[in-house]
Amino acid sequence: MRFLIEGRLRPSCGLTPADYFDLAVKEWEMVLGWLSSGVALAYGRPVSVPGGTLLVDVGSEADARALAASLPLAPYAEVTVRRSDMPPLRPARARTAISSG
């Protein structure tokens, strides 16, 4: 099942810019591992607000919530987890074949 995890840093979180950067780097490294393993399907950071959005493919909502809670910035953010009805993504090779055909 696919879930969208959205986190927005709380304005009153108390992190210094240096602390935020350190945690953001750790979070990015963690998410890269999830992307490599196929657990995470997409990840992005909005320009207008400090936070991130992650699309995951896991067995249950509890699994998605556990992933969200394990993110280094989660204790400092408002985190939402919701089911995504996004259709499966085609592999890059299939997209390339379609666009060049």
# chains A, B, ... in the order shown; residues from 1 in each chain; ligands from 1

$ residues_around --residues "Met30 of chain A" --least-positions-apart "2" --cutoff "12 Å" --atoms "only C-alpha atoms" --output "list of chain:residue names"
A:Leu23, A:Ala24, A:Val25, A:Lys26, A:Glu27, A:Trp28, A:Leu32, A:Gly33, A:Trp34, A:Leu35, A:Ser36, A:Ser37, A:Val39, A:Ala40, A:Tyr43, A:Leu54, A:Leu67, A:Ala68, A:Ser70, A:Leu71, A:Pro72, A:Leu73

$ atom_distance --atom1 "atom CA of Asp19 of chain A" --atom2 "atom CA of Thr80 of chain A"
22.6 Å

$ select_by_dssp --residues "segment 4-65 of chain A" --states "strand (DSSP E or B)" --output "list in words"
Leu4, Ile5, Glu6, Gly7, Arg8, Leu9, Ala40, Leu41, Ala42, Tyr43, Gly44, Gly51, Gly52, Thr53, Leu54, Leu55, Val56 and Asp57 of chain A

$ write_last_selection --atoms "N, CA, C and O atoms" --output "PDB file, in the first residue's frame"
ATOM      1  N   LEU A   4       1.468   8.629   1.757  1.00  0.00           N
ATOM      2  CA  LEU A   4       2.162   9.900   1.639  1.00  0.00           C
ATOM      3  C   LEU A   4       2.470  10.386   3.049  1.00  0.00           C
ATOM      4  O   LEU A   4       1.567  10.501   3.889  1.00  0.00           O
ATOM      5  N   ILE A   5       3.730  10.617   3.320  1.00  0.00           N
ATOM      6  CA  ILE A   5       4.181  11.151   4.603  1.00  0.00           C
ATOM      7  C   ILE A   5       4.588  12.601   4.356  1.00  0.00           C
ATOM      8  O   ILE A   5       5.446  12.865   3.511  1.00  0.00           O
ATOM      9  N   GLU A   6       3.941  13.513   5.072  1.00  0.00           N
ATOM     10  CA  GLU A   6       4.278  14.927   4.938  1.00  0.00           C
ATOM     11  C   GLU A   6       4.688  15.474   6.290  1.00  0.00           C
ATOM     12  O   GLU A   6       3.993  15.254   7.283  1.00  0.00           O
ATOM     13  N   GLY A   7       5.807  16.141   6.313  1.00  0.00           N
ATOM     14  CA  GLY A   7       6.286  16.748   7.540  1.00  0.00           C
ATOM     15  C   GLY A   7       6.581  18.219   7.326  1.00  0.00           C
ATOM     16  O   GLY A   7       7.167  18.584   6.305  1.00  0.00           O
ATOM     17  N   ARG A   8       6.134  19.041   8.253  1.00  0.00           N
ATOM     18  CA  ARG A   8       6.401  20.472   8.214  1.00  0.00           C
ATOM     19  C   ARG A   8       6.999  20.868   9.549  1.00  0.00           C
ATOM     20  O   ARG A   8       6.384  20.655  10.602  1.00  0.00           O
ATOM     21  N   LEU A   9       8.184  21.435   9.514  1.00  0.00           N
ATOM     22  CA  LEU A   9       8.877  21.840  10.729  1.00  0.00           C
ATOM     23  C   LEU A   9       8.038  22.851  11.501  1.00  0.00           C
ATOM     24  O   LEU A   9       7.518  23.798  10.926  1.00  0.00           O
ATOM     25  N   ALA A  40      10.778   3.651  -0.383  1.00  0.00           N
ATOM     26  CA  ALA A  40      10.335   4.997  -0.760  1.00  0.00           C
ATOM     27  C   ALA A  40      10.320   5.092  -2.278  1.00  0.00           C
ATOM     28  O   ALA A  40      11.244   4.633  -2.954  1.00  0.00           O
ATOM     29  N   LEU A  41       9.263   5.669  -2.803  1.00  0.00           N
ATOM     30  CA  LEU A  41       9.118   5.796  -4.248  1.00  0.00           C
ATOM     31  C   LEU A  41       9.449   7.207  -4.731  1.00  0.00           C
ATOM     32  O   LEU A  41       9.840   7.387  -5.879  1.00  0.00           O
ATOM     33  N   ALA A  42       9.269   8.199  -3.869  1.00  0.00           N
ATOM     34  CA  ALA A  42       9.545   9.591  -4.240  1.00  0.00           C
ATOM     35  C   ALA A  42       9.762  10.409  -2.980  1.00  0.00           C
ATOM     36  O   ALA A  42       9.224  10.087  -1.917  1.00  0.00           O
ATOM     37  N   TYR A  43      10.549  11.477  -3.109  1.00  0.00           N
ATOM     38  CA  TYR A  43      10.854  12.343  -1.982  1.00  0.00           C
ATOM     39  C   TYR A  43      11.073  13.750  -2.502  1.00  0.00           C
ATOM     40  O   TYR A  43      11.655  13.938  -3.575  1.00  0.00           O
ATOM     41  N   GLY A  44      10.600  14.727  -1.776  1.00  0.00           N
ATOM     42  CA  GLY A  44      10.829  16.106  -2.175  1.00  0.00           C
ATOM     43  C   GLY A  44      10.723  17.043  -1.000  1.00  0.00           C
ATOM     44  O   GLY A  44      10.139  16.713   0.028  1.00  0.00           O
ATOM     45  N   GLY A  51      10.319  21.472   5.345  1.00  0.00           N
ATOM     46  CA  GLY A  51       9.682  20.177   5.536  1.00  0.00           C
ATOM     47  C   GLY A  51       9.941  19.278   4.351  1.00  0.00           C
ATOM     48  O   GLY A  51      10.750  19.588   3.480  1.00  0.00           O
ATOM     49  N   GLY A  52       9.254  18.156   4.311  1.00  0.00           N
ATOM     50  CA  GLY A  52       9.444  17.216   3.228  1.00  0.00           C
ATOM     51  C   GLY A  52       8.212  16.374   2.994  1.00  0.00           C
ATOM     52  O   GLY A  52       7.312  16.306   3.838  1.00  0.00           O
ATOM     53  N   THR A  53       8.177  15.753   1.819  1.00  0.00           N
ATOM     54  CA  THR A  53       7.090  14.867   1.434  1.00  0.00           C
ATOM     55  C   THR A  53       7.703  13.588   0.899  1.00  0.00           C
ATOM     56  O   THR A  53       8.647  13.627   0.106  1.00  0.00           O
ATOM     57  N   LEU A  54       7.169  12.469   1.337  1.00  0.00           N
ATOM     58  CA  LEU A  54       7.728  11.167   1.006  1.00  0.00           C
ATOM     59  C   LEU A  54       6.602  10.218   0.632  1.00  0.00           C
ATOM     60  O   LEU A  54       5.606  10.120   1.351  1.00  0.00           O
ATOM     61  N   LEU A  55       6.740   9.546  -0.502  1.00  0.00           N
ATOM     62  CA  LEU A  55       5.785   8.528  -0.920  1.00  0.00           C
ATOM     63  C   LEU A  55       6.418   7.171  -0.658  1.00  0.00           C
ATOM     64  O   LEU A  55       7.513   6.886  -1.154  1.00  0.00           O
ATOM     65  N   VAL A  56       5.756   6.352   0.162  1.00  0.00           N
ATOM     66  CA  VAL A  56       6.313   5.044   0.522  1.00  0.00           C
ATOM     67  C   VAL A  56       5.362   3.926   0.113  1.00  0.00           C
ATOM     68  O   VAL A  56       4.158   4.127  -0.004  1.00  0.00           O
ATOM     69  N   ASP A  57       5.925   2.755  -0.107  1.00  0.00           N
ATOM     70  CA  ASP A  57       5.159   1.559  -0.443  1.00  0.00           C
ATOM     71  C   ASP A  57       5.446   0.524   0.637  1.00  0.00           C
ATOM     72  O   ASP A  57       6.518  -0.084   0.651  1.00  0.00           O
TER      73      ASP A  57
END

$ residues_around --residues "Glu61 of chain A" --least-positions-apart "2" --cutoff "10 Å" --atoms "only C-alpha atoms" --output "MDAnalysis selection string"
chainID A and resid 1:3 57:59 63:67 81:83

$ write_last_selection --atoms "all heavy atoms" --output "short mmCIF file (atom, residue, chain, number, x, y, z; two decimals), in the first residue's frame"
data_model
loop_
_atom_site.label_atom_id
_atom_site.label_comp_id
_atom_site.auth_asym_id
_atom_site.auth_seq_id
_atom_site.Cartn_x
_atom_site.Cartn_y
_atom_site.Cartn_z
N MET A 1 0.84 -1.18 0.00
CA MET A 1 0.00 0.00 0.00
C MET A 1 0.88 1.24 0.00
O MET A 1 1.96 1.23 0.58
CB MET A 1 -0.91 0.01 1.23
CG MET A 1 -1.92 -1.13 1.24
SD MET A 1 -3.12 -0.97 2.57
CE MET A 1 -2.09 -1.40 3.97
N ARG A 2 0.38 2.26 -0.65
CA ARG A 2 1.14 3.50 -0.74
C ARG A 2 0.61 4.55 0.22
O ARG A 2 -0.60 4.72 0.35
CB ARG A 2 1.08 4.02 -2.17
CG ARG A 2 1.83 3.07 -3.06
CD ARG A 2 1.92 3.52 -4.42
NE ARG A 2 2.78 2.53 -5.07
CZ ARG A 2 3.07 2.54 -6.30
NH1 ARG A 2 2.60 3.48 -7.08
NH2 ARG A 2 3.85 1.61 -6.81
N PHE A 3 1.56 5.22 0.85
CA PHE A 3 1.21 6.27 1.81
C PHE A 3 2.07 7.49 1.55
O PHE A 3 3.24 7.38 1.17
CB PHE A 3 1.44 5.79 3.25
CG PHE A 3 0.49 4.72 3.67
CD1 PHE A 3 0.80 3.39 3.45
CD2 PHE A 3 -0.72 5.03 4.25
CE1 PHE A 3 -0.08 2.38 3.81
CE2 PHE A 3 -1.61 4.04 4.62
CZ PHE A 3 -1.29 2.71 4.40
N ASP A 57 5.92 2.76 -0.11
CA ASP A 57 5.16 1.56 -0.44
C ASP A 57 5.45 0.52 0.64
O ASP A 57 6.52 -0.08 0.65
CB ASP A 57 5.58 1.05 -1.82
CG ASP A 57 4.67 -0.05 -2.34
OD1 ASP A 57 3.63 -0.31 -1.71
OD2 ASP A 57 5.00 -0.64 -3.39
N VAL A 58 4.50 0.37 1.57
CA VAL A 58 4.68 -0.52 2.72
C VAL A 58 3.44 -1.38 2.92
O VAL A 58 2.42 -1.17 2.26
CB VAL A 58 5.00 0.30 4.00
CG1 VAL A 58 6.36 0.97 3.89
CG2 VAL A 58 3.93 1.33 4.28
N GLY A 59 3.49 -2.29 3.85
CA GLY A 59 2.40 -3.22 4.07
C GLY A 59 1.19 -2.68 4.79
O GLY A 59 0.08 -3.20 4.65
N ASP A 63 3.11 0.58 9.40
CA ASP A 63 4.48 0.59 8.86
C ASP A 63 4.86 1.99 8.39
O ASP A 63 5.98 2.45 8.63
CB ASP A 63 4.61 -0.39 7.69
CG ASP A 63 4.48 -1.84 8.12
OD1 ASP A 63 4.68 -2.15 9.32
OD2 ASP A 63 4.18 -2.68 7.24
N ALA A 64 3.94 2.67 7.71
CA ALA A 64 4.21 4.04 7.24
C ALA A 64 4.42 4.97 8.43
O ALA A 64 5.33 5.81 8.41
CB ALA A 64 3.06 4.53 6.37
N ARG A 65 3.61 4.83 9.47
CA ARG A 65 3.76 5.68 10.65
C ARG A 65 5.08 5.40 11.37
O ARG A 65 5.72 6.32 11.89
CB ARG A 65 2.58 5.50 11.59
CG ARG A 65 1.31 6.09 11.02
CD ARG A 65 0.16 6.15 12.02
NE ARG A 65 -1.00 6.74 11.39
CZ ARG A 65 -1.16 8.04 11.16
NH1 ARG A 65 -0.23 8.89 11.54
NH2 ARG A 65 -2.25 8.50 10.57
N ALA A 66 5.51 4.14 11.38
CA ALA A 66 6.80 3.80 12.00
C ALA A 66 7.95 4.44 11.22
O ALA A 66 8.90 4.96 11.82
CB ALA A 66 6.96 2.29 12.08
N LEU A 67 7.88 4.40 9.89
CA LEU A 67 8.91 5.06 9.09
C LEU A 67 8.93 6.55 9.38
O LEU A 67 9.99 7.14 9.57
CB LEU A 67 8.66 4.83 7.59
CG LEU A 67 8.96 3.45 7.03
CD1 LEU A 67 8.57 3.38 5.56
CD2 LEU A 67 10.43 3.10 7.20
N VAL A 81 0.32 11.29 7.91
CA VAL A 81 0.44 10.07 7.09
C VAL A 81 -0.95 9.79 6.54
O VAL A 81 -1.91 9.70 7.31
CB VAL A 81 0.94 8.88 7.93
CG1 VAL A 81 0.98 7.61 7.09
CG2 VAL A 81 2.31 9.18 8.53
N ARG A 82 -1.03 9.66 5.22
CA ARG A 82 -2.32 9.34 4.62
C ARG A 82 -2.13 8.40 3.44
O ARG A 82 -1.10 8.41 2.78
CB ARG A 82 -3.08 10.59 4.22
CG ARG A 82 -2.42 11.44 3.21
CD ARG A 82 -3.21 12.74 3.00
NE ARG A 82 -2.42 13.73 2.31
CZ ARG A 82 -2.43 13.91 1.01
NH1 ARG A 82 -3.20 13.18 0.24
NH2 ARG A 82 -1.67 14.83 0.46
N ARG A 83 -3.15 7.61 3.20
CA ARG A 83 -3.14 6.65 2.10
C ARG A 83 -3.11 7.40 0.78
O ARG A 83 -3.79 8.40 0.61
CB ARG A 83 -4.38 5.76 2.18
CG ARG A 83 -4.49 4.71 1.12
CD ARG A 83 -3.85 3.42 1.59
NE ARG A 83 -3.80 2.46 0.51
CZ ARG A 83 -4.62 1.44 0.37
NH1 ARG A 83 -5.56 1.23 1.27
NH2 ARG A 83 -4.49 0.63 -0.63
#

$ select_by_dssp --residues "chain A" --states "helix (DSSP H, G or I)" --output "ChimeraX atom specification"
/A:17-37,61-70,74-76,92-100
